[in-house]
Amino acid sequence: MKRFIFIFVLCWYGTNIWAQTEVRGRVMHDTIPLSGVHVLNLYTHAITTTDANGYFTLKARERHTLQFTFVGMETVYRVLTKTDFGFGGLNITMNIAVNQLSSWLPHSREQINPVIMTYGASECVALSLN
């Protein structure tokens, strides 16, 4: 009986390891391939980056989530399905991240005092404009 349980566990564990397959894809912005995009499998923490043509390969399984990050672009999350492992692979489109700053108005009690900085050879002099 112990031998049967051992063989069952060994087979089950082995199929989980062999079930890991590679997902392939390409990351683009409009029609431009993105080089250096970080691709992270959030389930296994496997990571890779895209090549000069935007292509990547990463070990993953169905229902794993991939995270795509690139400076200046919005982060993209993709849950893998069976069709993602097919011949065509993944096509990921990233959009430019828009960061809008909120406006700031000083309170009536605060004074804004512009300062011009001039740099000399050995000292820094600040001139206040009134």
# chains A, B, ... in the order shown; residues from 1 in each chain; ligands from 1
>>> residues_around(residues="stretch 25-27 of chain A", least_positions_apart="3", cutoff="8 Å", atoms="only C-alpha atoms", output="VMD selection string")
chain A and resid 33 to 34 37 50 53 to 57 88 to 94
>>> residues_around(residues="A:Ala46", least_positions_apart="2", cutoff="10 Å", atoms="only C-alpha atoms", output="list in words")
Val39, Leu40, Asn41, Leu42, Tyr43, Thr44, Thr48, Leu58, Lys59, Ala60 and Leu66 of chain A
>>> write_last_selection(atoms="N, CA and C atoms", output="tab-separated table (two decimals), in the first residue's frame")
chain	number	residue	atom	x	y	z
A	39	VAL	N	8.49	40.60	-18.46
A	39	VAL	CA	7.36	39.67	-18.48
A	39	VAL	C	7.51	38.77	-17.25
A	40	LEU	N	6.54	38.82	-16.34
A	40	LEU	CA	6.60	38.08	-15.08
A	40	LEU	C	5.42	37.14	-14.97
A	41	ASN	N	5.69	35.86	-14.69
A	41	ASN	CA	4.64	34.89	-14.37
A	41	ASN	C	4.36	35.06	-12.88
A	42	LEU	N	3.19	35.60	-12.55
A	42	LEU	CA	2.87	35.89	-11.15
A	42	LEU	C	2.68	34.63	-10.31
A	43	TYR	N	2.46	33.48	-10.94
A	43	TYR	CA	2.27	32.23	-10.20
A	43	TYR	C	3.61	31.60	-9.82
A	44	THR	N	4.54	31.53	-10.77
A	44	THR	CA	5.83	30.87	-10.51
A	44	THR	C	6.97	31.86	-10.26
A	48	THR	N	11.26	37.15	-17.61
A	48	THR	CA	12.08	37.30	-18.80
A	48	THR	C	11.86	38.70	-19.35
A	58	LEU	N	8.45	32.18	-22.21
A	58	LEU	CA	8.41	32.02	-20.76
A	58	LEU	C	7.68	30.73	-20.41
A	59	LYS	N	8.18	30.01	-19.40
A	59	LYS	CA	7.48	28.81	-18.94
A	59	LYS	C	6.25	29.20	-18.14
A	60	ALA	N	5.11	28.62	-18.52
A	60	ALA	CA	3.85	28.94	-17.86
A	60	ALA	C	2.85	27.83	-18.16
A	66	LEU	N	0.25	36.52	-16.45
A	66	LEU	CA	1.49	37.19	-16.84
A	66	LEU	C	1.33	38.69	-16.66
>>> select_by_dssp(residues="stretch 23-90 of chain A", states="helix (DSSP H, G or I)", output="compact mmCIF listing (two decimals) with all heavy atoms, in the first residue's frame")
# COMPACT_ATOMS: atom_id res chain seq x y z
N LYS A 82 -5.89 28.15 -23.13
CA LYS A 82 -5.31 27.12 -24.01
C LYS A 82 -4.89 27.69 -25.36
O LYS A 82 -3.89 27.29 -25.92
CB LYS A 82 -6.32 25.99 -24.22
CG LYS A 82 -6.45 25.06 -23.07
CD LYS A 82 -7.38 23.91 -23.40
CE LYS A 82 -7.52 22.99 -22.20
NZ LYS A 82 -8.38 21.85 -22.49
N THR A 83 -5.67 28.62 -25.88
CA THR A 83 -5.35 29.17 -27.20
C THR A 83 -4.06 29.99 -27.20
O THR A 83 -3.44 30.15 -28.25
CB THR A 83 -6.50 30.05 -27.71
OG1 THR A 83 -6.74 31.09 -26.76
CG2 THR A 83 -7.77 29.24 -27.92
N ASP A 84 -3.64 30.49 -26.03
CA ASP A 84 -2.40 31.27 -25.95
C ASP A 84 -1.16 30.41 -26.20
O ASP A 84 -0.10 30.94 -26.52
CB ASP A 84 -2.27 31.95 -24.59
CG ASP A 84 -3.35 33.00 -24.38
OD1 ASP A 84 -3.81 33.59 -25.37
OD2 ASP A 84 -3.74 33.21 -23.22
N PHE A 85 -1.29 29.09 -26.06
CA PHE A 85 -0.16 28.19 -26.26
C PHE A 85 -0.10 27.67 -27.69
O PHE A 85 0.72 26.84 -28.02
CB PHE A 85 -0.23 27.02 -25.27
CG PHE A 85 -0.05 27.46 -23.84
CD1 PHE A 85 -1.15 27.76 -23.06
CD2 PHE A 85 1.20 27.59 -23.29
CE1 PHE A 85 -1.00 28.18 -21.75
CE2 PHE A 85 1.36 28.00 -21.98
CZ PHE A 85 0.25 28.30 -21.21
>>> residues_around(residues="A:Gly72", least_positions_apart="2", cutoff="7 Å", atoms="only C-alpha atoms", output="MDAnalysis selection string")
chainID A and resid 70 74 96:97
>>> atom_distance(atom1="atom CA of A:Ala52", atom2="atom CA of A:Thr65")
23.5 Å
>>> atom_distance(atom1="atom CA of A:Thr69", atom2="atom CA of A:Thr21")
22.0 Å
>>> select_by_dssp(residues="stretch 9-103 of chain A", states="strand (DSSP E or B)", output="PyMOL selection string")
chain A and resi 21-29+32-33+38-41+47-49+55-60+65-69+73+76-79+90-93+96
